[in-house]
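To keep things clear, I will list the structure first and then write my remarks on it.
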Amino acid sequence: MHEHYGVVLAFGILGFILMYVAFILQKLIGPKNSSELKLDTYECGEPTEGSSWVQFNIRFYVIALIFIVFDVEVVFLFPWAVVFKDMGFVTFIEVFVFLAILVVGLAYVWAKGDLEWVKMKLKYGTGRYAATRLHESESP
Amino acid sequence: MIDAIASWMLQFGALNWLGETGASLVAVALVGITLFIFVAANAIVLVYVERKVSAFMQVRLGPMRVGPMGTLQTVADALKLLVKEDIIPQFADKVLFRVGPWVILISAFVAFAAIPFSPTWVPADMSIGLFYVLSVSSVVVIGIVMSGWASNNKWSLYGAMRSAAQIVSYEIPVGLSLLAAVAVVGTLNLQELIQAQAGVGNLFHWIPIPVPNWFIFNNPFLFIAAFVYLIAATAEVNRTPFDIPEAESELVAGFMTEFSGIRWALFFLSEYANAAVVALLTAIVFLGGWQSPFPDIQGARIGMSVLAVLAIIWTFYVKVKANRLSIYPLAVTVVLAVLAWLFPAFAQWLANPGLLWIAIKGGTIIFMLMWFRWTFPRLRVDQLMYVSWKVLLPLAMINLAGVAIWMWLTGAINLVG
């Protein structure tokens, strides 16, 4: 049973060793004339502007949070899927209750607009360019 | 498979000094090296095939200069990568920059350990094979974020963040759609999953069209789940139309902008290794893996004849004169059908399960991935999130519930127990 995971470990080590051979080859035959310009960060030929470790949009974190919830759900569902055929009625009902809770969660997130990448409905307007549109409608 | 090779080696008197453990270790090493060569050759061949397929789809020739019909083009490219300078940017996080590509490559490579290539050829026949392949191939995202972050480059960071958001979003439809198939058979072992798909039956069990007992034809929900899986998996391996993480027109090369030479080759290898894993997993879970679509000799003959007739109809339908390449399906199927009727041994060979069939199925899926590339326009970031969270996820959940209800209605599960 456990030797299967030994195989996986062996594969990982083997993959590393075999690919490292290519690295050694590259070290032997590849050119080594580095310069300051080569080591510079690529920004389409322009001099680099500031650090690249910038602040990030909160949307990515929201997606990550929702992902964790649903991924844990999938992990819980795997054992269910395996025993489902033999366990009968109890698991059948149980999983529907479980799924229902998550569907409610999804519906809530959906209704709150957290699944929207581009937030078109903000609290203080009706669209992304709400202010501009308001301005346009007033001006003529 | 490991044990079989080990005991086969111990048959030779000259190798007896290895002992049980030594023979197993050597066997593991042999299988691992073979698989690694397969992964490397897979990347080289697939790049060539992809360039040719792309070219033919756009009515051009593709690589023609290096070797006959350009067959050595990617070999030359690989050699070129080897003699390129290895550049690590000055401001990069040196450790993560070095580790990132390795994480991606190793996780893509070890996923092959649980893939069954034939009834006996499976390096590690683990009881949670499907779960293992899923979890290992999702480690890729860590490597992508590592290398994107470590590059200290805005393009890389944007590419990595987009890629992370995309891969994690599409992982849930992938998991849920595979679960639907698992629920039908009740095992995570990939071999048992394939063994459950043997033989021929009716479409969805009640429409009287004889089809192989593959899970894609098992019930209507699994039919949808197969497509949900294929779409989500295309996004998971960052292929077009879901390739915004490396959208050349926006982000230079996404998370691999700063990588060059052999270090970049790691991404290259793992990209195609991942595509192969996805294709093989689709073939295994939904298309019967190494099972032959034909049950026996007679089945193979009739099946090939039906395919030939379909090819003839298709040939007339698309008016093949326009493009001589379209004649090949017709020619191949007709020749195979005639051969199957003439030689019983050939028909038997077609009806046998084995490496041939999983290769054909996996190859077809990979061809479809290439086909997608030239058919669908690239999705925008918000569309990408829309497809994942508002289309595929609800669809996958409905599928899972639908499969459960379908099994209850058709009496596949006993609700009283």
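Quick note on naming: the chains in the structure tokens go A, B, ... in the order shown, residues restart at 1 in each chain, and ligands are numbered from 1 in order of appearance.
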
Residue hits in chain A, query chain B, radius 8 Å, only C-alpha atoms, as a count of residues only: 57

Exercise: Ser305 (chain B) partners within 12 Å, only C-alpha atoms, chain neighbours under 4 positions left out, as a PyMOL selection string: chain B and resi 294+298-301+309-312+330+332-341+347

Given only C-alpha atoms as the counted atoms, nearest of B:Leu350, B:Gly148, B:Gly199, B:Ala232 to Gly254 (chain B):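 Using only C-alpha atoms, Gly254 (chain B) sits closest to B:Gly148.
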
DSSP-assigned strand (DSSP E or B) among region 202-398 of chain B, expressed as a ChimeraX atom specification: /B:202-203,207-212

Given only C-alpha atoms as the counted atoms, nearest of B:Val49, B:Thr120, B:Leu96, B:Leu61 to Thr74 (chain B): B:Val49

Distance of CA of Asn42 (chain B) from CA of Gln191 (chain B), expressed in Å to one decimal place: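 Going from CA of Gln191 (chain B) over to CA of Asn42 (chain B), I get 22.8 Å.
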
Between CA of Pro293 (chain B) and CA of Phe367 (chain B), distance in Å (one decimal):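 Taking CA of Pro293 (chain B) as the start and CA of Phe367 (chain B) as the end point, the length is 19.2 Å.
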
Pairwise distance for CA of Ala396 (chain B) and CA of Val228 (chain B), rounded to one decimal in Å: 7.0 Å

Spatial neighbours of region 209-214 of chain B, max dist 12 Å, only C-alpha atoms, sep filter under 5 positions, as a ChimeraX atom specification: /B:181,184-185,193-204,219,222-223,226,282-296,299-300,302-303,306,351

Would you save the residues from that selection as a short mmCIF file (atom, residue, chain, number, x, y, z; two decimals), in the first residue's frame, using N, CA and C atoms?
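Dumped to part-v5.cif:
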data_model
loop_
_atom_site.label_atom_id
_atom_site.label_comp_id
_atom_site.auth_asym_id
_atom_site.auth_seq_id
_atom_site.Cartn_x
_atom_site.Cartn_y
_atom_site.Cartn_z
N ALA B 181 -18.53 11.20 -11.73
CA ALA B 181 -18.17 9.88 -12.26
C ALA B 181 -17.81 8.93 -11.12
N VAL B 184 -20.74 7.23 -9.48
CA VAL B 184 -21.37 6.13 -10.21
C VAL B 184 -20.70 4.81 -9.87
N VAL B 185 -19.37 4.81 -9.76
CA VAL B 185 -18.68 3.53 -9.60
C VAL B 185 -18.23 3.30 -8.16
N LEU B 193 -11.82 2.26 -11.94
CA LEU B 193 -12.67 3.20 -12.67
C LEU B 193 -12.76 2.78 -14.13
N ILE B 194 -11.62 2.35 -14.70
CA ILE B 194 -11.62 1.94 -16.11
C ILE B 194 -12.30 0.58 -16.26
N GLN B 195 -11.99 -0.34 -15.33
CA GLN B 195 -12.60 -1.66 -15.43
C GLN B 195 -14.12 -1.59 -15.39
N ALA B 196 -14.65 -0.58 -14.69
CA ALA B 196 -16.11 -0.45 -14.62
C ALA B 196 -16.71 0.00 -15.94
N GLN B 197 -15.86 0.40 -16.90
CA GLN B 197 -16.38 0.92 -18.16
C GLN B 197 -16.25 -0.09 -19.30
N ALA B 198 -16.13 -1.38 -18.95
CA ALA B 198 -15.95 -2.40 -19.99
C ALA B 198 -17.27 -2.72 -20.68
N GLY B 199 -17.17 -3.20 -21.90
CA GLY B 199 -18.34 -3.72 -22.61
C GLY B 199 -19.12 -2.67 -23.37
N VAL B 200 -20.25 -3.13 -23.91
CA VAL B 200 -21.09 -2.27 -24.74
C VAL B 200 -22.50 -2.31 -24.19
N GLY B 201 -23.16 -1.16 -24.18
CA GLY B 201 -24.53 -1.11 -23.68
C GLY B 201 -25.32 -0.07 -24.43
N ASN B 202 -26.52 0.22 -23.92
CA ASN B 202 -27.34 1.23 -24.56
C ASN B 202 -26.91 2.62 -24.13
N LEU B 203 -27.17 3.58 -24.99
CA LEU B 203 -26.88 4.97 -24.64
C LEU B 203 -27.75 5.36 -23.45
N PHE B 204 -27.13 5.88 -22.40
CA PHE B 204 -27.81 6.26 -21.16
C PHE B 204 -28.65 5.11 -20.59
N ASN B 219 -24.91 8.24 -18.23
CA ASN B 219 -26.17 8.93 -18.03
C ASN B 219 -26.03 10.37 -18.49
N LEU B 222 -23.61 12.72 -16.63
CA LEU B 222 -22.18 12.50 -16.84
C LEU B 222 -21.75 13.00 -18.21
N PHE B 223 -22.67 12.96 -19.17
CA PHE B 223 -22.37 13.49 -20.50
C PHE B 223 -22.04 14.97 -20.40
N ALA B 226 -18.68 15.55 -18.50
CA ALA B 226 -17.47 15.38 -19.29
C ALA B 226 -17.09 16.69 -19.95
N THR B 282 -9.18 12.78 -18.83
CA THR B 282 -10.48 12.79 -19.51
C THR B 282 -10.74 11.42 -20.13
N ALA B 283 -9.70 10.87 -20.78
CA ALA B 283 -9.86 9.56 -21.41
C ALA B 283 -10.17 8.50 -20.37
N ILE B 284 -9.50 8.57 -19.22
CA ILE B 284 -9.67 7.53 -18.21
C ILE B 284 -11.04 7.62 -17.56
N VAL B 285 -11.41 8.82 -17.15
CA VAL B 285 -12.62 8.94 -16.33
C VAL B 285 -13.88 8.90 -17.19
N PHE B 286 -13.85 9.51 -18.36
CA PHE B 286 -15.08 9.59 -19.13
C PHE B 286 -15.09 8.72 -20.38
N LEU B 287 -13.92 8.39 -20.91
CA LEU B 287 -13.90 7.69 -22.20
C LEU B 287 -13.34 6.28 -22.09
N GLY B 288 -13.35 5.72 -20.89
CA GLY B 288 -13.00 4.31 -20.78
C GLY B 288 -11.52 3.98 -20.80
N GLY B 289 -10.65 4.96 -20.71
CA GLY B 289 -9.22 4.69 -20.59
C GLY B 289 -8.71 3.73 -21.65
N TRP B 290 -8.09 2.62 -21.18
CA TRP B 290 -7.52 1.67 -22.14
C TRP B 290 -8.54 0.68 -22.66
N GLN B 291 -9.82 0.84 -22.29
CA GLN B 291 -10.83 -0.08 -22.83
C GLN B 291 -11.00 0.16 -24.32
N SER B 292 -11.14 -0.94 -25.05
CA SER B 292 -11.43 -0.81 -26.47
C SER B 292 -12.92 -0.47 -26.63
N PRO B 293 -13.27 0.35 -27.63
CA PRO B 293 -14.70 0.62 -27.82
C PRO B 293 -15.45 -0.59 -28.37
N PHE B 294 -14.72 -1.60 -28.84
CA PHE B 294 -15.38 -2.77 -29.42
C PHE B 294 -15.32 -3.94 -28.45
N PRO B 295 -16.44 -4.67 -28.28
CA PRO B 295 -16.45 -5.75 -27.30
C PRO B 295 -15.71 -7.01 -27.77
N ASP B 296 -15.80 -7.35 -29.07
CA ASP B 296 -15.16 -8.57 -29.55
C ASP B 296 -14.82 -8.41 -31.04
N GLY B 299 -17.70 -7.19 -33.06
CA GLY B 299 -17.94 -5.80 -32.69
C GLY B 299 -16.96 -4.87 -33.36
N ALA B 300 -15.69 -5.28 -33.41
CA ALA B 300 -14.67 -4.45 -34.03
C ALA B 300 -14.96 -4.27 -35.51
N ILE B 302 -17.90 -4.56 -37.12
CA ILE B 302 -19.10 -3.74 -37.34
C ILE B 302 -18.80 -2.29 -36.97
N GLY B 303 -18.10 -2.12 -35.83
CA GLY B 303 -17.78 -0.76 -35.39
C GLY B 303 -16.95 -0.01 -36.42
N VAL B 306 -19.11 0.93 -39.36
CA VAL B 306 -19.95 2.09 -39.06
C VAL B 306 -19.14 3.37 -39.16
N ALA B 351 -10.02 -5.09 -30.76
CA ALA B 351 -10.97 -5.27 -29.66
C ALA B 351 -10.28 -5.42 -28.32
#

Proximity to Val53 (chain B) - best of B:Met9, B:Val391, B:Ile366, B:Leu18, only C-alpha atoms: B:Ile366
